[in-house]
file model-v1.cif (mmCIF, C-alpha atoms)
data_input
#
loop_
_atom_site.label_atom_id
_atom_site.label_comp_id
_atom_site.auth_asym_id
_atom_site.auth_seq_id
_atom_site.Cartn_x
_atom_site.Cartn_y
_atom_site.Cartn_z
CA MET Y 13 1.56 -25.01 -5.86
CA ALA Y 14 1.93 -25.64 -9.60
CA GLU Y 15 4.78 -23.94 -11.38
CA VAL Y 16 3.71 -20.60 -12.84
CA LYS Y 17 6.79 -19.45 -14.76
CA GLU Y 18 5.23 -20.43 -18.08
CA TYR Y 19 2.82 -17.49 -17.78
CA GLN Y 20 5.64 -14.94 -17.96
CA ASP Y 21 5.49 -14.88 -21.76
CA VAL Y 22 2.44 -12.60 -21.80
CA TYR Y 23 4.40 -9.87 -20.03
CA LEU Y 24 7.67 -10.47 -21.85
CA SER Y 25 5.90 -10.25 -25.21
CA SER Y 26 4.13 -7.08 -24.10
CA PHE Y 27 7.48 -5.53 -23.18
CA GLU Y 28 8.94 -6.42 -26.58
CA ARG Y 29 6.00 -4.74 -28.33
CA ARG Y 30 6.29 -1.60 -26.22
CA GLU Y 31 10.07 -1.36 -25.84
CA LYS Y 32 10.56 1.35 -28.48
CA GLU Y 33 7.66 3.36 -27.06
CA LEU Y 34 9.06 3.07 -23.53
CA ALA Y 35 12.59 3.98 -24.69
CA ALA Y 36 11.26 7.17 -26.23
CA ALA Y 37 9.34 8.07 -23.05
CA GLY Y 38 12.21 9.16 -20.84
CA PRO Y 39 16.00 9.32 -20.52
CA SER Y 40 18.42 6.57 -21.58
CA TRP Y 41 19.44 5.75 -17.99
CA LEU Y 42 15.86 4.79 -17.20
CA HIS Y 43 15.53 2.51 -20.19
CA GLU Y 44 18.69 0.70 -19.10
CA ILE Y 45 16.97 0.08 -15.76
CA ARG Y 46 13.84 -1.12 -17.54
CA GLN Y 47 15.85 -3.61 -19.60
CA ALA Y 48 17.69 -4.89 -16.53
CA ALA Y 49 14.35 -5.27 -14.72
CA VAL Y 50 12.63 -7.22 -17.50
CA HIS Y 51 15.63 -9.55 -17.77
CA ARG Y 52 15.51 -10.10 -14.02
CA PHE Y 53 11.76 -10.80 -14.18
CA ALA Y 54 12.44 -13.40 -16.87
CA GLU Y 55 14.98 -15.05 -14.57
CA LEU Y 56 12.88 -14.92 -11.39
CA GLY Y 57 9.48 -15.79 -12.77
CA PHE Y 58 6.40 -15.42 -10.62
CA PRO Y 59 6.97 -16.44 -6.99
CA THR Y 60 5.75 -19.85 -5.89
CA THR Y 61 4.74 -21.25 -2.52
CA ALA Y 62 8.13 -22.97 -2.37
CA LEU Y 63 9.54 -19.58 -1.36
CA GLU Y 64 9.37 -18.80 2.36
CA ASP Y 65 7.89 -15.32 1.86
CA TRP Y 66 5.14 -16.71 -0.40
CA LYS Y 67 4.36 -20.06 1.20
CA HIS Y 68 0.87 -18.95 2.29
CA THR Y 69 0.05 -16.94 -0.85
CA SER Y 70 -0.32 -18.63 -4.22
CA VAL Y 71 -0.27 -16.36 -7.27
CA ALA Y 72 -1.17 -19.18 -9.67
CA ARG Y 73 -4.59 -17.66 -10.43
CA LEU Y 74 -3.10 -14.23 -11.01
CA ALA Y 75 -0.28 -15.55 -13.20
CA SER Y 76 -2.59 -17.64 -15.38
CA VAL Y 77 -4.82 -14.75 -16.49
CA PRO Y 78 -3.68 -13.12 -19.79
CA PHE Y 79 -3.91 -9.53 -18.55
CA GLN Y 80 -3.56 -6.87 -21.23
CA PRO Y 81 -2.21 -3.32 -20.78
CA ALA Y 82 -4.96 -1.06 -19.48
CA PRO Y 83 -6.19 1.62 -21.91
CA ASP Y 84 -5.83 5.34 -21.33
CA GLY Y 85 -8.64 7.82 -20.75
CA PRO Y 86 -11.58 7.98 -18.34
CA THR Y 87 -15.00 6.55 -19.09
CA GLY Y 88 -18.39 7.98 -18.25
CA VAL Y 89 -18.75 5.32 -15.56
CA ILE Y 90 -15.61 6.56 -13.79
CA ILE Y 91 -16.55 10.21 -14.06
CA ASP Y 92 -20.02 9.49 -12.63
CA ALA Y 93 -18.64 7.31 -9.84
CA LEU Y 94 -15.79 9.61 -8.86
CA LYS Y 95 -17.88 11.77 -6.55
CA GLY Y 96 -18.98 8.78 -4.49
CA LEU Y 97 -15.54 7.23 -4.02
CA PRO Y 98 -13.66 7.53 -0.73
CA LEU Y 99 -10.96 10.24 -0.61
CA CYS Y 100 -12.59 12.25 -3.42
CA GLY Y 101 -14.38 14.73 -1.17
CA LEU Y 102 -11.34 15.75 0.87
CA ASP Y 103 -10.44 19.44 0.69
CA CYS Y 104 -6.91 18.99 -0.58
CA SER Y 105 -4.88 18.44 -3.73
CA ARG Y 106 -5.84 15.32 -5.65
CA LEU Y 107 -4.04 13.60 -8.51
CA VAL Y 108 -6.25 11.09 -10.31
CA PHE Y 109 -4.97 8.17 -12.38
CA VAL Y 110 -7.24 5.86 -14.36
CA ASN Y 111 -5.70 2.49 -15.16
CA GLY Y 112 -2.34 3.99 -14.26
CA HIS Y 113 -2.65 7.00 -16.59
CA TYR Y 114 -2.75 10.55 -15.23
CA GLN Y 115 -6.05 12.38 -15.78
CA HIS Y 116 -5.63 16.14 -15.57
CA GLU Y 117 -9.35 16.86 -15.99
CA LEU Y 118 -10.26 14.67 -13.02
CA SER Y 119 -7.49 16.01 -10.78
CA SER Y 120 -7.79 18.95 -8.43
CA LEU Y 121 -4.51 20.72 -7.78
CA ILE Y 122 -4.53 23.37 -5.08
CA GLU Y 123 -1.82 25.80 -6.11
CA PHE Y 124 1.42 25.32 -4.22
CA SER Y 125 2.90 28.79 -4.02
CA LYS Y 126 6.04 27.69 -2.21
CA GLY Y 127 7.36 25.20 -4.74
CA VAL Y 128 5.80 21.80 -4.00
CA ARG Y 129 5.83 19.72 -7.16
CA ALA Y 130 3.09 17.13 -7.54
CA GLY Y 131 2.08 15.74 -10.87
CA SER Y 132 2.53 13.16 -13.57
CA LEU Y 133 5.72 11.10 -13.37
CA ALA Y 134 5.71 10.67 -17.15
CA LYS Y 135 5.77 14.44 -17.62
CA VAL Y 136 8.67 14.87 -15.19
CA LEU Y 137 10.57 12.09 -16.98
CA ALA Y 138 9.98 13.76 -20.33
CA ASN Y 139 11.50 16.96 -18.96
CA GLY Y 140 14.68 15.10 -17.95
CA ASP Y 141 14.73 16.14 -14.30
CA PRO Y 142 18.12 15.12 -12.78
CA VAL Y 143 16.52 14.50 -9.36
CA LEU Y 144 14.79 11.43 -10.76
CA GLU Y 145 18.05 9.78 -11.76
CA GLN Y 146 19.20 10.07 -8.15
CA HIS Y 147 16.08 8.54 -6.60
CA LEU Y 148 13.78 6.74 -9.07
CA ALA Y 149 14.14 2.94 -8.96
CA ARG Y 150 17.01 3.24 -6.47
CA TYR Y 151 15.24 1.89 -3.36
CA ALA Y 152 12.64 -0.73 -4.34
CA ASP Y 153 14.72 -3.84 -5.07
CA PHE Y 154 13.85 -5.55 -8.35
CA GLU Y 155 16.77 -7.98 -8.13
CA ASN Y 156 14.96 -10.19 -5.62
CA HIS Y 157 11.29 -9.28 -6.09
CA ALA Y 158 9.54 -10.40 -9.27
CA PHE Y 159 6.60 -7.98 -9.02
CA VAL Y 160 8.92 -5.01 -8.45
CA ALA Y 161 10.91 -6.14 -11.49
CA LEU Y 162 7.71 -6.32 -13.55
CA ASN Y 163 6.62 -2.84 -12.44
CA THR Y 164 10.08 -1.41 -13.14
CA ALA Y 165 10.17 -2.96 -16.62
CA PHE Y 166 7.02 -1.01 -17.55
CA LEU Y 167 7.92 2.08 -15.50
CA ASN Y 168 6.58 5.19 -17.18
CA GLU Y 169 3.50 6.71 -15.55
CA GLY Y 170 2.49 7.43 -11.99
CA ALA Y 171 2.96 10.25 -9.50
CA CYS Y 172 5.97 12.33 -8.57
CA VAL Y 173 5.78 14.42 -5.40
CA GLU Y 174 8.70 16.58 -4.30
CA ILE Y 175 8.53 18.73 -1.17
CA PRO Y 176 11.28 21.36 -0.89
CA PRO Y 177 13.42 21.65 2.26
CA GLY Y 178 11.86 23.45 5.20
CA LEU Y 179 8.33 23.59 3.79
CA ILE Y 180 5.31 22.58 5.89
CA VAL Y 181 2.40 21.42 3.70
CA GLU Y 182 -0.76 21.97 5.71
CA LYS Y 183 -3.19 19.75 3.76
CA PRO Y 184 -2.63 16.21 2.51
CA ILE Y 185 -1.77 15.33 -1.06
CA VAL Y 186 -4.04 12.54 -2.35
CA LEU Y 187 -3.00 10.17 -5.13
CA LEU Y 188 -6.03 8.32 -6.42
CA TYR Y 189 -5.48 5.24 -8.60
CA ILE Y 190 -8.75 4.02 -10.13
CA SER Y 191 -9.02 0.81 -12.14
CA THR Y 192 -11.57 -0.55 -14.57
CA ALA Y 193 -11.31 -3.59 -16.84
CA ARG Y 194 -13.75 -2.45 -19.54
CA GLY Y 195 -14.83 -5.97 -20.36
CA GLN Y 196 -11.42 -7.67 -20.47
CA PRO Y 197 -8.75 -8.44 -17.84
CA THR Y 198 -6.30 -5.52 -17.72
CA VAL Y 199 -3.10 -4.71 -15.84
CA SER Y 200 -1.54 -1.42 -14.76
CA HIS Y 201 1.84 -0.72 -13.17
CA PRO Y 202 1.54 2.61 -11.30
CA ARG Y 203 4.76 4.04 -9.87
CA THR Y 204 4.97 6.67 -7.13
CA LEU Y 205 8.02 8.62 -6.04
CA VAL Y 206 7.88 10.87 -2.96
CA ILE Y 207 10.83 13.03 -1.94
CA ALA Y 208 10.47 14.94 1.33
CA GLY Y 209 13.26 17.48 1.65
CA ARG Y 210 15.21 18.28 4.77
CA GLU Y 211 13.04 19.61 7.65
CA SER Y 212 9.88 19.46 5.55
CA GLN Y 213 6.49 18.22 6.80
CA ALA Y 214 3.69 16.69 4.74
CA THR Y 215 0.94 14.08 4.55
CA LEU Y 216 0.50 11.86 1.51
CA ILE Y 217 -2.44 9.50 0.94
CA GLU Y 218 -2.61 6.84 -1.77
CA GLY Y 219 -5.95 5.32 -2.71
CA TYR Y 220 -6.45 2.24 -4.90
CA LEU Y 221 -10.07 1.84 -5.90
CA GLY Y 222 -12.25 -0.10 -8.31
CA VAL Y 223 -15.51 1.39 -9.56
CA GLU Y 224 -16.99 -1.91 -10.76
CA GLU Y 225 -16.68 -5.57 -9.74
CA GLU Y 226 -14.31 -6.42 -12.58
CA LEU Y 227 -11.23 -8.59 -13.01
CA TYR Y 228 -8.02 -6.57 -13.26
CA PHE Y 229 -4.51 -6.51 -11.81
CA THR Y 230 -2.83 -3.55 -10.10
CA ASN Y 231 0.93 -3.94 -9.64
CA ALA Y 232 2.09 -0.84 -7.75
CA VAL Y 233 5.44 0.36 -6.42
CA THR Y 234 5.94 3.38 -4.16
CA GLU Y 235 9.33 4.80 -3.16
CA ILE Y 236 9.52 7.34 -0.32
CA VAL Y 237 12.61 9.30 0.67
CA ALA Y 238 12.52 11.27 3.93
CA GLY Y 239 15.36 13.78 4.30
CA GLU Y 240 17.07 14.83 7.52
CA ASN Y 241 14.57 16.00 10.17
CA ALA Y 242 11.67 15.52 7.75
CA VAL Y 243 8.25 14.58 9.17
CA LEU Y 244 6.07 12.57 6.82
CA GLU Y 245 2.76 10.76 7.22
CA TYR Y 246 1.99 8.22 4.50
CA GLY Y 247 -1.37 6.52 4.25
CA LYS Y 248 -2.71 3.88 1.90
CA PHE Y 249 -6.37 2.98 1.35
CA GLN Y 250 -7.04 -0.13 -0.74
CA GLN Y 251 -10.58 -0.92 -1.83
CA GLU Y 252 -10.15 -2.70 -5.13
CA SER Y 253 -12.86 -4.73 -6.85
CA ARG Y 254 -13.72 -7.99 -5.08
CA ALA Y 255 -12.53 -9.80 -8.24
CA ALA Y 256 -9.26 -7.88 -8.60
CA PHE Y 257 -5.64 -8.67 -7.81
CA HIS Y 258 -3.58 -6.07 -5.97
CA VAL Y 259 0.16 -6.43 -5.39
CA ALA Y 260 2.06 -3.46 -3.96
CA THR Y 261 5.53 -2.67 -2.72
CA VAL Y 262 6.24 0.38 -0.54
CA GLN Y 263 9.88 1.20 0.18
CA VAL Y 264 10.77 3.95 2.69
CA GLU Y 265 14.28 5.37 3.19
CA GLN Y 266 14.82 7.58 6.26
CA ALA Y 267 17.67 9.98 6.90
CA ARG Y 268 18.96 11.27 10.24
CA SER Y 269 16.30 12.35 12.79
CA SER Y 270 13.47 11.91 10.29
CA ASN Y 271 10.03 10.79 11.43
CA VAL Y 272 7.78 8.69 9.19
CA SER Y 273 4.42 7.26 10.20
CA THR Y 274 2.46 4.99 7.89
CA TYR Y 275 -1.02 3.52 7.94
CA SER Y 276 -2.43 0.90 5.60
CA PHE Y 277 -6.09 -0.05 5.25
CA ALA Y 278 -6.97 -3.07 3.10
CA PHE Y 279 -10.64 -3.76 2.44
CA GLY Y 280 -10.85 -4.99 -1.18
CA GLY Y 281 -9.41 -7.38 -3.71
CA ALA Y 282 -9.75 -11.10 -4.25
CA LEU Y 283 -6.03 -11.34 -3.57
CA ALA Y 284 -4.18 -8.40 -2.05
CA ARG Y 285 -0.53 -8.35 -1.03
CA GLU Y 286 1.54 -5.46 0.32
CA ASP Y 287 5.26 -5.50 1.07
CA LEU Y 288 6.17 -2.48 3.21
CA SER Y 289 9.85 -1.97 4.01
CA VAL Y 290 11.35 0.84 6.07
CA VAL Y 291 15.09 1.45 6.32
CA LEU Y 292 16.15 3.69 9.21
CA ALA Y 293 19.43 4.78 7.66
CA GLY Y 294 20.16 7.79 9.87
CA GLU Y 295 20.70 8.07 13.62
CA GLY Y 296 17.71 9.33 15.55
CA ALA Y 297 15.23 8.22 12.87
CA GLU Y 298 11.77 7.17 14.06
CA SER Y 299 9.08 5.16 12.31
CA ALA Y 300 5.54 4.09 13.22
CA LEU Y 301 3.63 1.53 11.16
CA HIS Y 302 -0.11 0.93 11.55
CA GLY Y 303 -2.33 -1.34 9.52
CA LEU Y 304 -5.87 -2.70 9.39
CA TYR Y 305 -7.01 -5.47 7.07
CA MET Y 306 -10.63 -6.64 6.85
CA THR Y 307 -11.63 -9.68 4.85
CA GLY Y 308 -14.80 -11.57 4.04
CA GLY Y 309 -16.05 -14.17 1.60
CA GLN Y 310 -13.00 -15.87 0.10
CA GLN Y 311 -10.71 -12.85 0.12
CA HIS Y 312 -6.98 -13.32 0.66
CA VAL Y 313 -4.96 -10.45 2.18
CA ASP Y 314 -1.21 -10.69 2.82
CA ASN Y 315 0.85 -8.08 4.68
CA HIS Y 316 4.64 -8.36 4.81
CA THR Y 317 6.51 -5.63 6.68
CA THR Y 318 10.23 -5.12 7.27
CA ILE Y 319 11.76 -2.51 9.58
CA ASP Y 320 15.52 -2.32 9.11
CA HIS Y 321 17.41 -0.57 11.91
CA ALA Y 322 20.66 0.05 10.05
CA VAL Y 323 22.29 2.54 12.44
CA PRO Y 324 22.32 3.25 16.21
CA HIS Y 325 19.76 5.27 18.16
CA SER Y 326 16.65 4.64 16.07
CA SER Y 327 13.19 3.59 17.16
CA SER Y 328 10.13 1.95 15.63
CA ARG Y 329 6.57 1.08 16.62
CA GLU Y 330 4.28 -1.26 14.72
CA LEU Y 331 0.63 -2.24 15.22
CA TYR Y 332 -1.32 -4.26 12.66
CA LYS Y 333 -4.84 -5.57 13.22
CA GLY Y 334 -6.92 -8.01 11.21
CA VAL Y 335 -10.67 -8.72 11.14
CA LEU Y 336 -11.49 -11.87 9.20
CA ASP Y 337 -14.91 -13.26 8.31
CA GLY Y 338 -16.36 -15.90 5.97
CA ARG Y 339 -13.82 -18.26 4.43
CA SER Y 340 -11.20 -15.55 4.05
CA THR Y 341 -7.49 -15.78 4.74
CA GLY Y 342 -5.11 -13.25 6.27
CA ILE Y 343 -1.33 -13.31 6.49
CA PHE Y 344 0.89 -11.06 8.57
CA ASN Y 345 4.66 -11.41 8.46
CA GLY Y 346 6.40 -8.64 10.38
CA ARG Y 347 10.17 -8.62 10.39
CA VAL Y 348 12.35 -6.30 12.48
CA ILE Y 349 16.09 -6.31 11.73
CA VAL Y 350 18.64 -4.76 14.09
CA ARG Y 351 22.04 -4.56 12.41
CA GLN Y 352 25.27 -5.28 14.25
CA ASP Y 353 26.18 -1.63 14.74
CA ALA Y 354 22.62 -0.49 15.52
CA GLN Y 355 23.06 -0.17 19.29
CA LYS Y 356 20.41 1.60 21.41
CA THR Y 357 17.63 0.45 19.08
CA ASP Y 358 14.12 0.64 20.55
CA SER Y 359 11.46 -1.40 18.71
CA LYS Y 360 8.00 -2.71 19.54
CA GLN Y 361 5.82 -4.80 17.25
CA SER Y 362 2.31 -6.17 17.69
CA ASN Y 363 -0.19 -8.03 15.51
CA LYS Y 364 -3.74 -8.67 16.75
CA ASN Y 365 -6.41 -10.61 14.89
CA LEU Y 366 -10.14 -11.09 15.37
CA LEU Y 367 -11.83 -14.08 13.74
CA LEU Y 368 -15.55 -13.64 13.11
CA SER Y 369 -16.01 -17.04 11.48
CA GLU Y 370 -14.88 -20.57 12.23
CA ASP Y 371 -13.81 -20.89 8.58
CA ALA Y 372 -11.58 -17.80 8.55
CA VAL Y 373 -7.81 -18.42 8.68
CA ILE Y 374 -4.95 -16.23 9.88
CA ASN Y 375 -1.24 -16.96 9.60
CA THR Y 376 0.83 -14.55 11.68
CA LYS Y 377 4.59 -14.47 12.08
CA PRO Y 378 6.14 -11.53 13.95
CA GLN Y 379 9.91 -11.92 14.04
CA LEU Y 380 13.01 -10.21 15.39
CA GLU Y 381 16.48 -10.55 13.90
CA ILE Y 382 18.86 -8.89 16.35
CA PHE Y 383 22.60 -8.67 15.74
CA ALA Y 384 23.37 -6.02 18.39
CA ASP Y 385 23.49 -6.50 22.17
CA ASP Y 386 22.37 -3.13 23.58
CA VAL Y 387 18.77 -2.94 22.37
CA LYS Y 388 15.19 -2.88 23.65
CA CYS Y 389 12.91 -4.92 21.39
CA THR Y 390 9.59 -6.71 21.88
CA HIS Y 391 7.06 -8.40 19.63
CA GLY Y 392 3.86 -10.39 19.92
CA ALA Y 393 0.73 -11.67 18.20
CA THR Y 394 -2.79 -12.57 19.31
CA ILE Y 395 -5.68 -14.42 17.66
CA GLY Y 396 -9.14 -14.49 19.18
CA GLN Y 397 -12.88 -14.14 18.78
CA VAL Y 398 -15.38 -11.59 20.01
CA ASP Y 399 -15.66 -11.80 23.80
CA PRO Y 400 -18.93 -13.64 24.62
CA GLU Y 401 -19.17 -11.85 27.98
CA ALA Y 402 -19.07 -8.50 26.24
CA ILE Y 403 -21.77 -9.73 23.84
CA PHE Y 404 -23.90 -10.80 26.81
CA TYR Y 405 -23.44 -7.43 28.50
CA LEU Y 406 -24.57 -5.50 25.41
CA ARG Y 407 -27.51 -7.83 24.87
CA SER Y 408 -28.58 -7.24 28.45
CA ARG Y 409 -28.81 -3.56 27.50
CA GLY Y 410 -31.25 -4.31 24.69
CA ILE Y 411 -28.80 -4.53 21.78
CA ALA Y 412 -29.31 -7.34 19.27
CA ARG Y 413 -26.60 -10.01 19.01
CA ASP Y 414 -25.44 -9.05 15.47
CA GLN Y 415 -25.35 -5.36 16.35
CA ALA Y 416 -23.44 -6.08 19.55
CA ARG Y 417 -20.84 -8.09 17.65
CA ALA Y 418 -20.51 -5.33 15.06
CA LEU Y 419 -20.03 -2.67 17.75
CA LEU Y 420 -17.29 -4.67 19.47
CA THR Y 421 -15.60 -5.32 16.12
CA PHE Y 422 -15.70 -1.61 15.33
CA ALA Y 423 -14.07 -0.81 18.67
CA PHE Y 424 -11.33 -3.35 17.96
CA ALA Y 425 -10.56 -1.94 14.50
CA ASN Y 426 -11.00 1.72 15.39
CA GLU Y 427 -7.79 1.72 17.45
CA VAL Y 428 -5.81 1.75 14.20
CA ILE Y 429 -7.98 4.44 12.59
CA GLU Y 430 -7.43 6.75 15.55
CA TRP Y 431 -3.74 7.00 14.61
CA VAL Y 432 -4.67 8.89 11.43
CA LYS Y 433 -3.92 12.55 12.15
CA TYR Y 434 -5.93 14.22 9.37
CA ARG Y 435 -9.44 14.37 10.77
CA PRO Y 436 -11.46 14.34 7.49
CA MET Y 437 -9.57 11.23 6.40
CA ARG Y 438 -10.12 9.65 9.80
CA GLU Y 439 -13.88 10.26 9.54
CA ARG Y 440 -14.01 8.78 6.03
CA LEU Y 441 -12.29 5.66 7.27
CA LYS Y 442 -14.74 5.33 10.15
CA GLU Y 443 -17.65 5.66 7.73
CA THR Y 444 -16.18 2.94 5.52
CA LEU Y 445 -15.68 0.69 8.52
CA GLN Y 446 -19.21 1.33 9.81
CA ALA Y 447 -20.71 0.61 6.39
CA ARG Y 448 -18.81 -2.65 6.20
CA LEU Y 449 -19.92 -3.72 9.68
CA GLY Y 450 -23.44 -2.33 9.44
CA THR Y 451 -23.04 -0.04 12.46
CA GLY Y 452 -23.61 3.27 10.69
CA PRO Y 453 -26.64 5.51 11.17
CA ARG Y 454 -29.83 3.87 10.00
CA ARG Y 455 -31.95 5.72 7.46
CA GLU Y 456 -35.71 5.49 7.66
CA ALA Y 457 -37.42 4.04 4.62
CA ALA Y 458 -39.17 6.54 2.37
#
call {"tool": "encode", "arguments": {"input": "model-v1.cif", "output": "structure tokens"}}
result
Amino acid sequence: MAEVKEYQDVYLSSFERREKELAAAGPSWLHEIRQAAVHRFAELGFPTTALEDWKHTSVARLASVPFQPAPDGPTGVIIDALKGLPLCGLDCSRLVFVNGHYQHELSSLIEFSKGVRAGSLAKVLANGDPVLEQHLARYADFENHAFVALNTAFLNEGACVEIPPGLIVEKPIVLLYISTARGQPTVSHPRTLVIAGRESQATLIEGYLGVEEELYFTNAVTEIVAGENAVLEYGKFQQESRAAFHVATVQVEQARSSNVSTYSFAFGGALAREDLSVVLAGEGAESALHGLYMTGGQQHVDNHTTIDHAVPHSSSRELYKGVLDGRSTGIFNGRVIVRQDAQKTDSKQSNKNLLLSEDAVINTKPQLEIFADDVKCTHGATIGQVDPEAIFYLRSRGIARDQARALLTFAFANEVIEWVKYRPMRERLKETLQARLGTGPRREAA
């Protein structure tokens, strides 16, 4: 891959122009982090395929586009389209961001009478909340990740969700990030911080959506902190424009006896990459990671996951599935680390892929790095096509070949969707999957 460091100047110049504005938008400790991050981005440059973690994903196209900061404020197109977007009809609190900027008039906050705080990160920063200094930009590593460094350099707006100790939040909290280019390539750097207090329970869903087939770049970072005995479900739904670039980092930190389950659904984007890392930092912590990526055309979707068992007596489960069609490419790199002192670790990892086209490509690399001797760990990966015998069976029952293939593909992918606990969200995901495969209810012509 050609060297892409020369394209850094667009972002470095943008930071220089906005540095005074950013310094005024928040406390001095944060601006010191921003400056350290932009200097680190200048040193790292955009990753190239010479790096092991990026050898199958070239960002040359992304880096060569002169993206400009996305403007604030919703447009009529977004307001009109909002009702038809996934996640918008769920009966729960919803925070809406357009091009990374919080939109109060589009949000729907169900009143939290017991002290849950969910709102604009910029507003919380302006108020000088000391909790942010303890957690914000303390988990997602910008020293070794260029896109995290870039996001941190422009850190200002996004969502802040804090759940007080002992509180059980019955309905999910939805964070909806909507992007539009408005005629020119734009970039946004949304930041999300979630703090689940001790013995709290909640569900958080992030959605990244494009309302038009435009060229833009979403560079997102999410940091999640689960306190002792906290139970948290985190879901991500990505359906960006087919011309868009989406790069995201999700960093989870778990305390003693906490339980975090995640699910990630990637349907959109010309190039989409997610780095999900979970650190089980307390004994008895449990994590469960589930993912589904579906590609077509010339889409490129890359999933990198890391589960770090840092202490003894922790467990993890991971299942990622891919459905690839057309000339698309999928990458799965799942890494499980068991530290030297992390005895009694129990970990299982699986990646399964279904190729619907002879031109589709999947690169899968599940890996275990075990430095302890009293553990129970397994991993595996499969790549295959739709079973021709199953196709024959369905055709013998009067089902057309294309419909039979779609039904079998739905059954393969639906295993991941079934792990979603919140039923309305689960049904929305099934509808999206059915629409993509053409297996939904047929409407008679008028």
call {"tool": "resolve_selection", "arguments": {"input": "model-v1.cif", "expression": "the PyMOL selection byres ((chain Y and resi 78) around 12)", "output": "list of chain:residue names"}}
result
Y:Glu18, Y:Tyr19, Y:Gln20, Y:Asp21, Y:Val22, Y:Tyr23, Y:Leu24, Y:Ser25, Y:Ser26, Y:Arg73, Y:Leu74, Y:Ala75, Y:Ser76, Y:Val77, Y:Phe79, Y:Gln80, Y:Pro81, Y:Gln196, Y:Pro197, Y:Thr198, Y:Val199, Y:Leu227, Y:Tyr228, Y:Phe229
call {"tool": "closest_residue", "arguments": {"input": "model-v1.cif", "among": "Y:Leu167, Y:Ile349, Y:Val136, Y:Val428", "to": "Glu381 of chain Y", "atoms": "all atoms listed in the file"}}
result
Y:Ile349
call {"tool": "closest_residue", "arguments": {"input": "model-v1.cif", "among": "Y:Arg254, Y:Arg438, Y:Arg339, Y:Arg448", "to": "Leu99 of chain Y", "atoms": "all atoms listed in the file"}}
result
Y:Arg438
call {"tool": "atom_distance", "arguments": {"input": "model-v1.cif", "atom1": "atom CA of Phe383 of chain Y", "atom2": "atom CA of Gln352 of chain Y"}}
result
4.6 Å
call {"tool": "closest_residue", "arguments": {"input": "model-v1.cif", "among": "Y:Ala260, Y:Leu441, Y:Ala37, Y:Leu188", "to": "His157 of chain Y", "atoms": "all atoms listed in the file"}}
result
Y:Ala260
call {"tool": "closest_residue", "arguments": {"input": "model-v1.cif", "among": "Y:Ala238, Y:Leu179, Y:Cys100, Y:Ile190", "to": "Ala267 of chain Y", "atoms": "only C-alpha atoms"}}
result
Y:Ala238
call {"tool": "residues_around", "arguments": {"input": "model-v1.cif", "residues": "segment 299-305 of chain Y", "least_positions_apart": "3", "cutoff": "8 Å", "atoms": "only C-alpha atoms", "output": "MDAnalysis selection string"}}
result
chainID Y and resid 271:279 290 292 313 327:335 425 428 431
call {"tool": "closest_residue", "arguments": {"input": "model-v1.cif", "among": "Y:Gly112, Y:Pro142, Y:Gly219, Y:Gly396", "to": "Gln251 of chain Y", "atoms": "all atoms listed in the file"}}
result
Y:Gly219
call {"tool": "closest_atom_pairs", "arguments": {"input": "model-v1.cif", "of": "segment 166-249 of chain Y", "to": "segment 105-110 of chain Y", "cutoff": "12 Å", "atoms": "all atoms listed in the file", "output": "Markdown table"}}
result
| residue | atom | partner | partner_atom | distance |
| --- | --- | --- | --- | --- |
| Y:Glu169 | CA | Y:Phe109 | CA | 9.2 |
| Y:Gly170 | CA | Y:Phe109 | CA | 7.5 |
| Y:Ala171 | CA | Y:Leu107 | CA | 7.8 |
| Y:Cys172 | CA | Y:Leu107 | CA | 10.1 |
| Y:Val173 | CA | Y:Leu107 | CA | 10.3 |
| Y:Val181 | CA | Y:Ser105 | CA | 10.8 |
| Y:Glu182 | CA | Y:Ser105 | CA | 10.9 |
| Y:Lys183 | CA | Y:Ser105 | CA | 7.8 |
| Y:Pro184 | CA | Y:Ser105 | CA | 7.0 |
| Y:Ile185 | CA | Y:Ser105 | CA | 5.1 |
| Y:Val186 | CA | Y:Arg106 | CA | 4.7 |
| Y:Leu187 | CA | Y:Leu107 | CA | 4.9 |
| Y:Leu188 | CA | Y:Val108 | CA | 4.8 |
| Y:Tyr189 | CA | Y:Phe109 | CA | 4.8 |
| Y:Ile190 | CA | Y:Val110 | CA | 4.9 |
| Y:Ser191 | CA | Y:Val110 | CA | 5.8 |
| Y:Thr192 | CA | Y:Val110 | CA | 7.7 |
| Y:Ala193 | CA | Y:Val110 | CA | 10.6 |
| Y:Arg194 | CA | Y:Val110 | CA | 11.8 |
| Y:Thr198 | CA | Y:Val110 | CA | 11.9 |
| Y:Val199 | CA | Y:Val110 | CA | 11.4 |
| Y:Ser200 | CA | Y:Val110 | CA | 9.3 |
| Y:His201 | CA | Y:Phe109 | CA | 11.2 |
| Y:Pro202 | CA | Y:Phe109 | CA | 8.6 |
| Y:Arg203 | CA | Y:Phe109 | CA | 10.9 |
| Y:Thr204 | CA | Y:Phe109 | CA | 11.3 |
| Y:Thr215 | CA | Y:Ser105 | CA | 11.0 |
| Y:Leu216 | CA | Y:Ser105 | CA | 10.0 |
| Y:Ile217 | CA | Y:Arg106 | CA | 9.4 |
| Y:Glu218 | CA | Y:Leu107 | CA | 9.7 |
| Y:Gly219 | CA | Y:Val108 | CA | 9.5 |
| Y:Tyr220 | CA | Y:Phe109 | CA | 9.7 |
| Y:Leu221 | CA | Y:Val110 | CA | 9.8 |
| Y:Gly222 | CA | Y:Val110 | CA | 9.9 |
| Y:Val223 | CA | Y:Val110 | CA | 10.6 |
| Y:Thr230 | CA | Y:Val110 | CA | 11.2 |
